[in-house]
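Peer 1: The structure follows.
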Amino acid sequence: MNAAPTLDDVRRAHLRIAPYIHRTPVLTSEMLNRETGARLFFKCENFQKAGAFKSRGACNAVFSLSDVEARNGVATHSSGNHAAALARAARLRGIAAHIVMPNNSPKPKQQAVAGYGGQIVLCEPTLAARERTCQMLIDATGATLIHPYNDNRIIAGQGTAALELLEEIPWLDLVIAPVGGGGLLSGTALVAKALRPHAQVLGAEPAQADDAAESLRSGHIVSKPVNTIADGLRTMLGERTFTVIRDHVDDIVTVSEAGIVQAMRRMWEIMKIVVEPSGAVPFAAIREHPALFAGQQVGIIVSGGNVDLDTLPWIEKPRS
């Protein structure tokens with residue numbers, strides 16, 4: 001296995017993708033600071049192209065390919081945000097994107113992929129089905145695999161969000177990011193520990209999808225069933241992301257489903273921004289584990305804002 005990306009790799013990725021992404025804002029809220037007892041700095045990747053941080057890694061991977069590697073397009077499997085980001089990056093480069101999506105992926109995310117020109121193939125919502133279907137597509141088309149997280153180009157690209165955050169707010173005591181497959185958290189950790197070695201790096205994860213927390217505690221990748229509203233965090237770690245997380249992340253904290261919904265709603269109410277459940281998980285961790293964050297300067301990676309407005313979790317469903 002190739003060595004993990006370095007800070008220089010992340011800096012090169014940032015230069016490579018600069019024409020294709022937003023430099024997203026860092027927002028603060030005095031009210032949320034008072035509520036939590038910490039000074040919070042929200043890196044708002046919900047304002048990113050395609051609505052999530054995934055555009056960073058996807059653009060870095062696609063624009064890193066040689067012409068020969070790119071000739072037959074790219075392929076991946078994803079529940080939504082990486083799928084849309086890869087379809088967009090492929091369109092920018094003028095190549096095909098073959099996207100395997102679980103058949104329970106949110107409809108808005110499927111529509112976003114199609115809107116960017118991605119060629120969608122649906123499969124059963126298991127990792128085995130996703131990987132098997134993706135390999136069949138690669139065998140049939142000759143497309144190059146761009147894994148949603150277990151890829152150094154992806155990790156380096158995702159790390160550019162933390163790079164921007166620490167360029168703007170260099171005095172942070174702690175940085176927290178959500179963790180599913182681990183691309184964002186591993187990229188965040190690489191950057192934070194290189195630029196601010198004494199800062200803590202934490203992952204945040206739903207308690208009902210706590211495979212990353214168990215993996216970090218046990219020292220090996222744990223696979224288990226997951227069931228969470230945070231659909232972007234239903235994937236398990238890859239070997240590359242786990243290695244970085246094991247070596248550079250201080251801890252992974254878990255949060256309840258109710259806590260995710262409450263944090264998401266609070267961000268909508270107070271910050272006036274659209275955040276998806278996965279993007280609210282770090283703020284939920286701060287609300288549910290206040291002693292870990294009290295009195296600290298905390299950077300929060302808000303991973304995305306792609307939600308189905310017809311199924312917001314605090315809207316009461318009509319009775320049949």
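So you can find residues: chains in the structure tokens are A, B, ... in the order shown, residues in each start at 1, and ligands are numbered from 1 in order.
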I want to know what sits within 12 Å of Gly187 in chain A, based on only C-alpha atoms, with residues of the same chain fewer than 4 positions away left out; could you give that as a PyMOL selection string?

Peer 2: chain A and resi 4-7+9-11+13+53-54+56-57+149-163+175-179+181-183+191-194+201+203+240-245+248-249+301

Peer 1: In Å, how far is it from CA of Asp8 in chain A to CA of Tyr20 in chain A?

Peer 2: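 Separating CA of Asp8 in chain A from CA of Tyr20 in chain A is a distance of 19.6 Å.
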
Peer 1: Mind checking which residues fall within 10 Å of Phe47 in chain A, counting only C-alpha atoms, ignoring those fewer than 4 positions away in the same chain, and posting them as a PDB file with N, CA and C atoms, in the first residue's frame?

Peer 2:
```
ATOM      1  N   HIS A  22     -15.534  25.850  -4.425  1.00  0.00           N
ATOM      2  CA  HIS A  22     -15.654  27.067  -3.631  1.00  0.00           C
ATOM      3  C   HIS A  22     -14.674  27.019  -2.467  1.00  0.00           C
ATOM      4  N   ARG A  23     -14.120  28.162  -2.118  1.00  0.00           N
ATOM      5  CA  ARG A  23     -13.469  28.306  -0.807  1.00  0.00           C
ATOM      6  C   ARG A  23     -14.601  28.670   0.149  1.00  0.00           C
ATOM      7  N   THR A  24     -15.073  27.713   0.887  1.00  0.00           N
ATOM      8  CA  THR A  24     -16.293  27.887   1.656  1.00  0.00           C
ATOM      9  C   THR A  24     -16.064  28.762   2.891  1.00  0.00           C
ATOM     10  N   PRO A  25     -17.128  29.418   3.362  1.00  0.00           N
ATOM     11  CA  PRO A  25     -16.972  30.328   4.501  1.00  0.00           C
ATOM     12  C   PRO A  25     -16.840  29.584   5.821  1.00  0.00           C
ATOM     13  N   LYS A  43     -16.824  25.290   9.443  1.00  0.00           N
ATOM     14  CA  LYS A  43     -16.353  25.297   8.054  1.00  0.00           C
ATOM     15  C   LYS A  43     -17.475  24.721   7.203  1.00  0.00           C
ATOM     16  N   GLY A  51     -22.873  20.587  -3.168  1.00  0.00           N
ATOM     17  CA  GLY A  51     -23.486  20.557  -1.853  1.00  0.00           C
ATOM     18  C   GLY A  51     -22.735  19.836  -0.763  1.00  0.00           C
ATOM     19  N   ALA A  52     -21.470  19.451  -1.007  1.00  0.00           N
ATOM     20  CA  ALA A  52     -20.744  18.700   0.022  1.00  0.00           C
ATOM     21  C   ALA A  52     -19.245  18.734  -0.245  1.00  0.00           C
ATOM     22  N   PHE A  53     -18.473  18.423   0.820  1.00  0.00           N
ATOM     23  CA  PHE A  53     -17.012  18.387   0.730  1.00  0.00           C
ATOM     24  C   PHE A  53     -16.510  17.417  -0.320  1.00  0.00           C
ATOM     25  N   ILE A 273     -28.756  28.053   7.947  1.00  0.00           N
ATOM     26  CA  ILE A 273     -28.111  27.319   6.871  1.00  0.00           C
ATOM     27  C   ILE A 273     -28.731  25.929   6.757  1.00  0.00           C
ATOM     28  N   VAL A 274     -28.740  25.403   5.537  1.00  0.00           N
ATOM     29  CA  VAL A 274     -29.262  24.062   5.273  1.00  0.00           C
ATOM     30  C   VAL A 274     -28.134  23.058   5.491  1.00  0.00           C
ATOM     31  N   VAL A 275     -28.336  22.152   6.447  1.00  0.00           N
ATOM     32  CA  VAL A 275     -27.341  21.145   6.805  1.00  0.00           C
ATOM     33  C   VAL A 275     -28.020  19.780   6.759  1.00  0.00           C
ATOM     34  N   VAL A 302     -18.489  21.050   8.628  1.00  0.00           N
ATOM     35  CA  VAL A 302     -19.896  20.781   8.295  1.00  0.00           C
ATOM     36  C   VAL A 302     -19.886  20.156   6.896  1.00  0.00           C
ATOM     37  N   SER A 303     -20.104  18.858   6.838  1.00  0.00           N
ATOM     38  CA  SER A 303     -19.738  18.111   5.625  1.00  0.00           C
ATOM     39  C   SER A 303     -20.631  18.360   4.427  1.00  0.00           C
ATOM     40  N   GLY A 304     -21.937  18.653   4.639  1.00  0.00           N
ATOM     41  CA  GLY A 304     -22.788  18.831   3.465  1.00  0.00           C
ATOM     42  C   GLY A 304     -24.170  19.337   3.811  1.00  0.00           C
ATOM     43  N   GLY A 305     -24.920  19.661   2.751  1.00  0.00           N
ATOM     44  CA  GLY A 305     -26.258  20.215   2.925  1.00  0.00           C
ATOM     45  C   GLY A 305     -27.273  19.671   1.948  1.00  0.00           C
ATOM     46  N   ASN A 306     -27.106  18.415   1.533  1.00  0.00           N
ATOM     47  CA  ASN A 306     -28.030  17.823   0.571  1.00  0.00           C
ATOM     48  C   ASN A 306     -29.125  17.048   1.311  1.00  0.00           C
TER      49      ASN A 306
END
```

Peer 1: Leaving out Ala114 in chain A and any residue of its chain fewer than 3 positions from it, which residues lie within 10 Å of it when counting only C-alpha atoms, given as a JSON list (two decimals) with C-alpha atoms, in the first residue's frame?

Peer 2:
```json
[["chain", "number", "residue", "atom", "x", "y", "z"],
["A", 83, "ALA", "CA", -21.61, 10.12, -6.62],
["A", 84, "ALA", "CA", -22.77, 13.64, -7.44],
["A", 87, "ALA", "CA", -20.32, 12.99, -11.88],
["A", 88, "ARG", "CA", -19.70, 16.74, -11.77],
["A", 99, "ILE", "CA", -22.18, 5.52, -10.73],
["A", 108, "PRO", "CA", -32.58, 14.25, -4.43],
["A", 109, "LYS", "CA", -29.09, 12.71, -4.45],
["A", 110, "GLN", "CA", -30.00, 10.41, -7.35],
["A", 111, "GLN", "CA", -31.41, 13.41, -9.20],
["A", 117, "GLY", "CA", -24.65, 13.49, -16.40],
["A", 118, "GLY", "CA", -23.75, 10.47, -14.28],
["A", 119, "GLN", "CA", -24.90, 7.10, -15.59],
["A", 120, "ILE", "CA", -26.62, 5.48, -12.59]]
```

Peer 1: Enumerate the residues of range 154-222 of chain A with a DSSP assignment of helix (DSSP H, G or I), computed from the backbone, and present them as an mmCIF file with N, CA and C atoms, in the first residue's frame.

Peer 2:
```cif
data_model
loop_
_atom_site.group_PDB
_atom_site.id
_atom_site.type_symbol
_atom_site.label_atom_id
_atom_site.label_comp_id
_atom_site.auth_asym_id
_atom_site.auth_seq_id
_atom_site.Cartn_x
_atom_site.Cartn_y
_atom_site.Cartn_z
ATOM 1 N N ILE A 154 -8.316 11.000 -2.997
ATOM 2 C CA ILE A 154 -9.533 11.445 -2.323
ATOM 3 C C ILE A 154 -9.193 12.029 -0.954
ATOM 4 N N ILE A 155 -8.376 11.318 -0.193
ATOM 5 C CA ILE A 155 -7.998 11.781 1.150
ATOM 6 C C ILE A 155 -7.328 13.158 1.071
ATOM 7 N N ALA A 156 -6.391 13.319 0.138
ATOM 8 C CA ALA A 156 -5.699 14.608 -0.001
ATOM 9 C C ALA A 156 -6.679 15.713 -0.377
ATOM 10 N N GLY A 157 -7.597 15.410 -1.284
ATOM 11 C CA GLY A 157 -8.590 16.409 -1.673
ATOM 12 C C GLY A 157 -9.480 16.813 -0.516
ATOM 13 N N GLN A 158 -9.948 15.826 0.255
ATOM 14 C CA GLN A 158 -10.813 16.162 1.382
ATOM 15 C C GLN A 158 -10.064 16.969 2.434
ATOM 16 N N GLY A 159 -8.776 16.738 2.557
ATOM 17 C CA GLY A 159 -7.985 17.487 3.524
ATOM 18 C C GLY A 159 -7.895 18.972 3.239
ATOM 19 N N THR A 160 -8.239 19.387 2.029
ATOM 20 C CA THR A 160 -8.144 20.816 1.694
ATOM 21 C C THR A 160 -9.165 21.650 2.466
ATOM 22 N N ALA A 161 -10.255 21.041 2.934
ATOM 23 C CA ALA A 161 -11.216 21.798 3.750
ATOM 24 C C ALA A 161 -10.567 22.220 5.062
ATOM 25 N N ALA A 162 -9.874 21.293 5.718
ATOM 26 C CA ALA A 162 -9.170 21.630 6.964
ATOM 27 C C ALA A 162 -8.028 22.597 6.701
ATOM 28 N N LEU A 163 -7.364 22.463 5.551
ATOM 29 C CA LEU A 163 -6.293 23.393 5.198
ATOM 30 C C LEU A 163 -6.824 24.819 5.154
ATOM 31 N N GLU A 164 -7.948 25.021 4.487
ATOM 32 C CA GLU A 164 -8.544 26.350 4.430
ATOM 33 C C GLU A 164 -8.970 26.828 5.816
ATOM 34 N N LEU A 165 -9.566 25.927 6.599
ATOM 35 C CA LEU A 165 -10.021 26.287 7.943
ATOM 36 C C LEU A 165 -8.856 26.777 8.798
ATOM 37 N N LEU A 166 -7.744 26.048 8.780
ATOM 38 C CA LEU A 166 -6.612 26.417 9.633
ATOM 39 C C LEU A 166 -5.824 27.592 9.078
ATOM 40 N N GLU A 167 -5.920 27.849 7.787
ATOM 41 C CA GLU A 167 -5.344 29.090 7.252
ATOM 42 C C GLU A 167 -6.116 30.293 7.772
ATOM 43 N N GLU A 168 -7.426 30.135 7.914
ATOM 44 C CA GLU A 168 -8.268 31.251 8.348
ATOM 45 C C GLU A 168 -8.315 31.385 9.869
ATOM 46 N N GLY A 183 -12.651 9.332 4.659
ATOM 47 C CA GLY A 183 -11.851 10.199 3.804
ATOM 48 C C GLY A 183 -11.716 11.604 4.372
ATOM 49 N N LEU A 184 -12.829 12.168 4.828
ATOM 50 C CA LEU A 184 -12.795 13.519 5.386
ATOM 51 C C LEU A 184 -12.022 13.558 6.694
ATOM 52 N N LEU A 185 -12.300 12.626 7.591
ATOM 53 C CA LEU A 185 -11.615 12.646 8.886
ATOM 54 C C LEU A 185 -10.127 12.395 8.731
ATOM 55 N N SER A 186 -9.737 11.466 7.870
ATOM 56 C CA SER A 186 -8.303 11.201 7.713
ATOM 57 C C SER A 186 -7.592 12.390 7.071
ATOM 58 N N GLY A 187 -8.201 13.015 6.061
ATOM 59 C CA GLY A 187 -7.601 14.210 5.473
ATOM 60 C C GLY A 187 -7.516 15.346 6.464
ATOM 61 N N THR A 188 -8.559 15.514 7.267
ATOM 62 C CA THR A 188 -8.580 16.553 8.299
ATOM 63 C C THR A 188 -7.474 16.323 9.321
ATOM 64 N N ALA A 189 -7.326 15.076 9.745
ATOM 65 C CA ALA A 189 -6.322 14.761 10.761
ATOM 66 C C ALA A 189 -4.909 14.992 10.250
ATOM 67 N N LEU A 190 -4.639 14.590 9.007
ATOM 68 C CA LEU A 190 -3.304 14.800 8.438
ATOM 69 C C LEU A 190 -2.927 16.274 8.443
ATOM 70 N N VAL A 191 -3.874 17.116 8.041
ATOM 71 C CA VAL A 191 -3.599 18.552 7.965
ATOM 72 C C VAL A 191 -3.473 19.160 9.362
ATOM 73 N N ALA A 192 -4.430 18.842 10.236
ATOM 74 C CA ALA A 192 -4.439 19.456 11.562
ATOM 75 C C ALA A 192 -3.194 19.090 12.362
ATOM 76 N N LYS A 193 -2.783 17.823 12.314
ATOM 77 C CA LYS A 193 -1.616 17.406 13.092
ATOM 78 C C LYS A 193 -0.316 17.961 12.493
ATOM 79 N N ALA A 194 -0.312 18.247 11.189
ATOM 80 C CA ALA A 194 0.878 18.843 10.573
ATOM 81 C C ALA A 194 0.988 20.329 10.878
ATOM 82 N N LEU A 195 -0.142 21.030 10.849
ATOM 83 C CA LEU A 195 -0.124 22.480 11.039
ATOM 84 C C LEU A 195 -0.225 22.888 12.498
ATOM 85 N N ALA A 207 -24.191 6.751 17.024
ATOM 86 C CA ALA A 207 -24.065 5.554 17.862
ATOM 87 C C ALA A 207 -24.619 4.325 17.153
ATOM 88 N N GLN A 208 -25.579 4.529 16.246
ATOM 89 C CA GLN A 208 -26.157 3.415 15.501
ATOM 90 C C GLN A 208 -25.342 3.060 14.253
ATOM 91 N N ALA A 209 -24.197 3.694 14.097
ATOM 92 C CA ALA A 209 -23.261 3.361 13.010
ATOM 93 C C ALA A 209 -21.849 3.599 13.537
ATOM 94 N N ASP A 211 -19.077 1.877 13.815
ATOM 95 C CA ASP A 211 -18.000 0.962 13.422
ATOM 96 C C ASP A 211 -16.632 1.630 13.481
ATOM 97 N N ALA A 212 -16.553 2.931 13.149
ATOM 98 C CA ALA A 212 -15.252 3.611 13.193
ATOM 99 C C ALA A 212 -14.760 3.748 14.636
ATOM 100 N N ALA A 213 -15.656 4.086 15.544
ATOM 101 C CA ALA A 213 -15.267 4.194 16.956
ATOM 102 C C ALA A 213 -14.787 2.843 17.480
ATOM 103 N N GLU A 214 -15.492 1.777 17.135
ATOM 104 C CA GLU A 214 -15.071 0.453 17.574
ATOM 105 C C GLU A 214 -13.760 0.042 16.906
ATOM 106 N N SER A 215 -13.583 0.430 15.644
ATOM 107 C CA SER A 215 -12.341 0.108 14.951
ATOM 108 C C SER A 215 -11.150 0.786 15.612
ATOM 109 N N LEU A 216 -11.314 2.059 15.967
ATOM 110 C CA LEU A 216 -10.218 2.787 16.608
ATOM 111 C C LEU A 216 -9.880 2.165 17.963
ATOM 112 N N ARG A 217 -10.896 1.767 18.713
ATOM 113 C CA ARG A 217 -10.649 1.158 20.022
ATOM 114 C C ARG A 217 -9.987 -0.222 19.906
ATOM 115 N N SER A 218 -10.398 -0.994 18.910
ATOM 116 C CA SER A 218 -9.925 -2.372 18.797
ATOM 117 C C SER A 218 -8.604 -2.496 18.047
#
```

Peer 1: So that I can check the secondary structure, give me every residue of range 47-185 of chain A assigned strand (DSSP E or B) by backbone DSSP, as a CSV table (one decimal) with N, CA and C atoms, in the first residue's frame.

Peer 2:
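out-v6.csv, written as the output of this step:
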```csv
chain,number,residue,atom,x,y,z
A,52,ALA,N,-21.5,19.5,-1.0
A,52,ALA,CA,-20.7,18.7,0.0
A,52,ALA,C,-19.2,18.7,-0.2
A,74,VAL,N,-14.8,7.2,-15.5
A,74,VAL,CA,-14.5,6.8,-14.2
A,74,VAL,C,-15.8,6.1,-13.6
A,75,ALA,N,-15.6,5.3,-12.6
A,75,ALA,CA,-16.6,4.6,-12.0
A,75,ALA,C,-16.5,4.6,-10.4
A,76,THR,N,-17.6,4.6,-9.8
A,76,THR,CA,-17.6,4.5,-8.3
A,76,THR,C,-18.9,3.9,-7.8
A,77,HIS,N,-18.9,3.7,-6.5
A,77,HIS,CA,-20.2,3.4,-5.8
A,77,HIS,C,-20.3,4.3,-4.6
A,97,ALA,N,-19.0,9.2,-16.4
A,97,ALA,CA,-19.1,8.8,-15.0
A,97,ALA,C,-20.1,7.7,-14.8
A,98,HIS,N,-19.7,6.5,-14.4
A,98,HIS,CA,-20.5,5.3,-14.2
A,98,HIS,C,-20.7,5.2,-12.6
A,99,ILE,N,-21.9,5.4,-12.2
A,99,ILE,CA,-22.2,5.5,-10.7
A,99,ILE,C,-23.1,4.4,-10.2
A,100,VAL,N,-22.6,3.6,-9.3
A,100,VAL,CA,-23.5,2.6,-8.6
A,100,VAL,C,-24.0,3.2,-7.4
A,101,MET,N,-25.3,3.2,-7.2
A,101,MET,CA,-26.0,3.7,-6.0
A,101,MET,C,-26.9,2.7,-5.4
A,102,PRO,N,-26.9,2.6,-4.0
A,102,PRO,CA,-27.9,1.8,-3.4
A,102,PRO,C,-29.3,2.2,-3.8
A,119,GLN,N,-24.1,8.3,-15.1
A,119,GLN,CA,-24.9,7.1,-15.6
A,119,GLN,C,-25.1,6.2,-14.4
A,120,ILE,N,-26.3,6.1,-13.9
A,120,ILE,CA,-26.6,5.5,-12.6
A,120,ILE,C,-27.0,4.0,-12.8
A,121,VAL,N,-26.5,3.1,-12.0
A,121,VAL,CA,-26.9,1.8,-11.9
A,121,VAL,C,-27.2,1.5,-10.4
A,122,LEU,N,-28.5,1.1,-10.1
A,122,LEU,CA,-28.9,0.9,-8.8
A,122,LEU,C,-28.6,-0.5,-8.3
A,123,CYS,N,-28.4,-0.7,-7.0
A,123,CYS,CA,-28.1,-2.1,-6.5
A,123,CYS,C,-28.7,-2.2,-5.1
A,144,THR,N,-12.0,3.8,-14.9
A,144,THR,CA,-11.1,3.8,-13.8
A,144,THR,C,-11.8,4.0,-12.5
A,145,LEU,N,-11.6,3.2,-11.5
A,145,LEU,CA,-12.2,3.3,-10.2
A,145,LEU,C,-11.7,4.5,-9.5
A,174,LEU,N,-9.0,22.4,18.8
A,174,LEU,CA,-9.6,21.1,18.5
A,174,LEU,C,-10.3,21.2,17.1
A,175,VAL,N,-10.2,20.1,16.3
A,175,VAL,CA,-11.0,20.1,15.1
A,175,VAL,C,-11.8,18.8,15.1
A,176,ILE,N,-13.0,18.9,14.7
A,176,ILE,CA,-13.9,17.7,14.7
A,176,ILE,C,-14.6,17.6,13.4
A,177,ALA,N,-14.7,16.4,12.9
A,177,ALA,CA,-15.3,16.1,11.6
A,177,ALA,C,-16.1,14.8,11.7
A,178,PRO,N,-17.1,14.6,10.9
A,178,PRO,CA,-17.9,13.4,10.9
A,178,PRO,C,-17.1,12.3,10.2
```

Peer 1: So what do you get for CA of Ala258 in chain A versus CA of Pro148 in chain A, distance-wise?

Peer 2: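 Separation of CA of Ala258 in chain A and CA of Pro148 in chain A: 27.4 Å.
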
Peer 1: Select, from A:Ala70, A:Leu309, A:Ala199, A:Ala263, the residue with the minimum atom-to-atom distance to Leu32 in chain A, counting only C-alpha atoms.

Peer 2: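 Of A:Ala70, A:Leu309, A:Ala199, A:Ala263, the one nearest Leu32 in chain A, counting only C-alpha atoms, is A:Ala263.
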
Peer 1: Just checking: using only C-alpha atoms, which residue out of A:Ala18, A:Val281, A:Arg12, A:Met236 ends up closest to Lys224 in chain A?

Peer 2: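 Of all the options, A:Met236 lies closest to Lys224 in chain A.
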
Peer 1: What's the separation between CA of Cys134 in chain A and CA of Pro277 in chain A, in Å to one decimal place?

Peer 2: 26.4 Å

Peer 1: Tell me which protein, DNA and RNA residues are within 9 Å of Val253 in chain A, counting only C-alpha atoms, leaving out same-chain ones fewer than 3 positions away, and put them as an NGL selection string.

Peer 2: :A and (202-207 or 210 or 213 or 282 or 285 or 289)

Peer 1: Using only C-alpha atoms, determine which residues lie at most 12 Å from Gln296 in chain A, disregarding the query and same-chain residues fewer than 4 positions distant; provide the list as a PyMOL selection string.

Peer 2: chain A and resi 33+36-41+171-175+199-200+286+290-292

Peer 1: Let me see the file: selected residues, N, CA and C atoms, as a tab-separated table (two decimals), in the first residue's frame.

Peer 2:
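Written output follows (result36.tsv):
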```
chain	number	residue	atom	x	y	z
A	33	ASN	N	-22.19	29.53	20.77
A	33	ASN	CA	-21.04	29.55	21.67
A	33	ASN	C	-21.49	29.57	23.13
A	36	THR	N	-22.97	26.17	24.25
A	36	THR	CA	-22.04	25.03	24.37
A	36	THR	C	-20.86	25.31	25.29
A	37	GLY	N	-20.60	26.58	25.60
A	37	GLY	CA	-19.44	26.91	26.43
A	37	GLY	C	-18.12	26.79	25.69
A	38	ALA	N	-18.18	26.75	24.37
A	38	ALA	CA	-16.98	26.69	23.53
A	38	ALA	C	-17.07	27.76	22.45
A	39	ARG	N	-15.92	28.04	21.84
A	39	ARG	CA	-15.89	28.98	20.72
A	39	ARG	C	-15.88	28.14	19.44
A	40	LEU	N	-16.96	28.19	18.66
A	40	LEU	CA	-17.16	27.28	17.54
A	40	LEU	C	-16.95	27.99	16.21
A	41	PHE	N	-16.21	27.33	15.32
A	41	PHE	CA	-15.96	27.85	13.98
A	41	PHE	C	-16.40	26.78	12.98
A	171	TRP	N	-5.54	29.27	15.28
A	171	TRP	CA	-5.33	29.06	16.71
A	171	TRP	C	-6.24	27.99	17.31
A	172	LEU	N	-6.84	27.15	16.51
A	172	LEU	CA	-7.79	26.16	17.02
A	172	LEU	C	-7.14	25.20	18.01
A	173	ASP	N	-7.91	24.85	19.05
A	173	ASP	CA	-7.49	23.84	20.02
A	173	ASP	C	-7.93	22.45	19.60
A	174	LEU	N	-8.97	22.37	18.81
A	174	LEU	CA	-9.58	21.09	18.48
A	174	LEU	C	-10.29	21.20	17.15
A	175	VAL	N	-10.21	20.14	16.35
A	175	VAL	CA	-10.95	20.06	15.08
A	175	VAL	C	-11.76	18.78	15.10
A	199	ALA	N	-3.06	20.35	18.69
A	199	ALA	CA	-4.52	20.38	18.63
A	199	ALA	C	-5.07	18.96	18.63
A	200	GLN	N	-6.20	18.79	19.27
A	200	GLN	CA	-6.89	17.50	19.23
A	200	GLN	C	-7.65	17.36	17.92
A	286	ILE	N	-20.79	17.88	20.15
A	286	ILE	CA	-20.48	18.97	21.07
A	286	ILE	C	-21.62	19.16	22.07
A	290	PRO	N	-20.48	17.89	26.23
A	290	PRO	CA	-19.97	19.26	26.41
A	290	PRO	C	-18.65	19.35	27.15
A	291	ALA	N	-18.37	18.42	28.05
A	291	ALA	CA	-17.13	18.50	28.83
A	291	ALA	C	-15.89	18.37	27.96
A	292	LEU	N	-16.01	17.70	26.81
A	292	LEU	CA	-14.86	17.52	25.91
A	292	LEU	C	-14.47	18.82	25.21
```
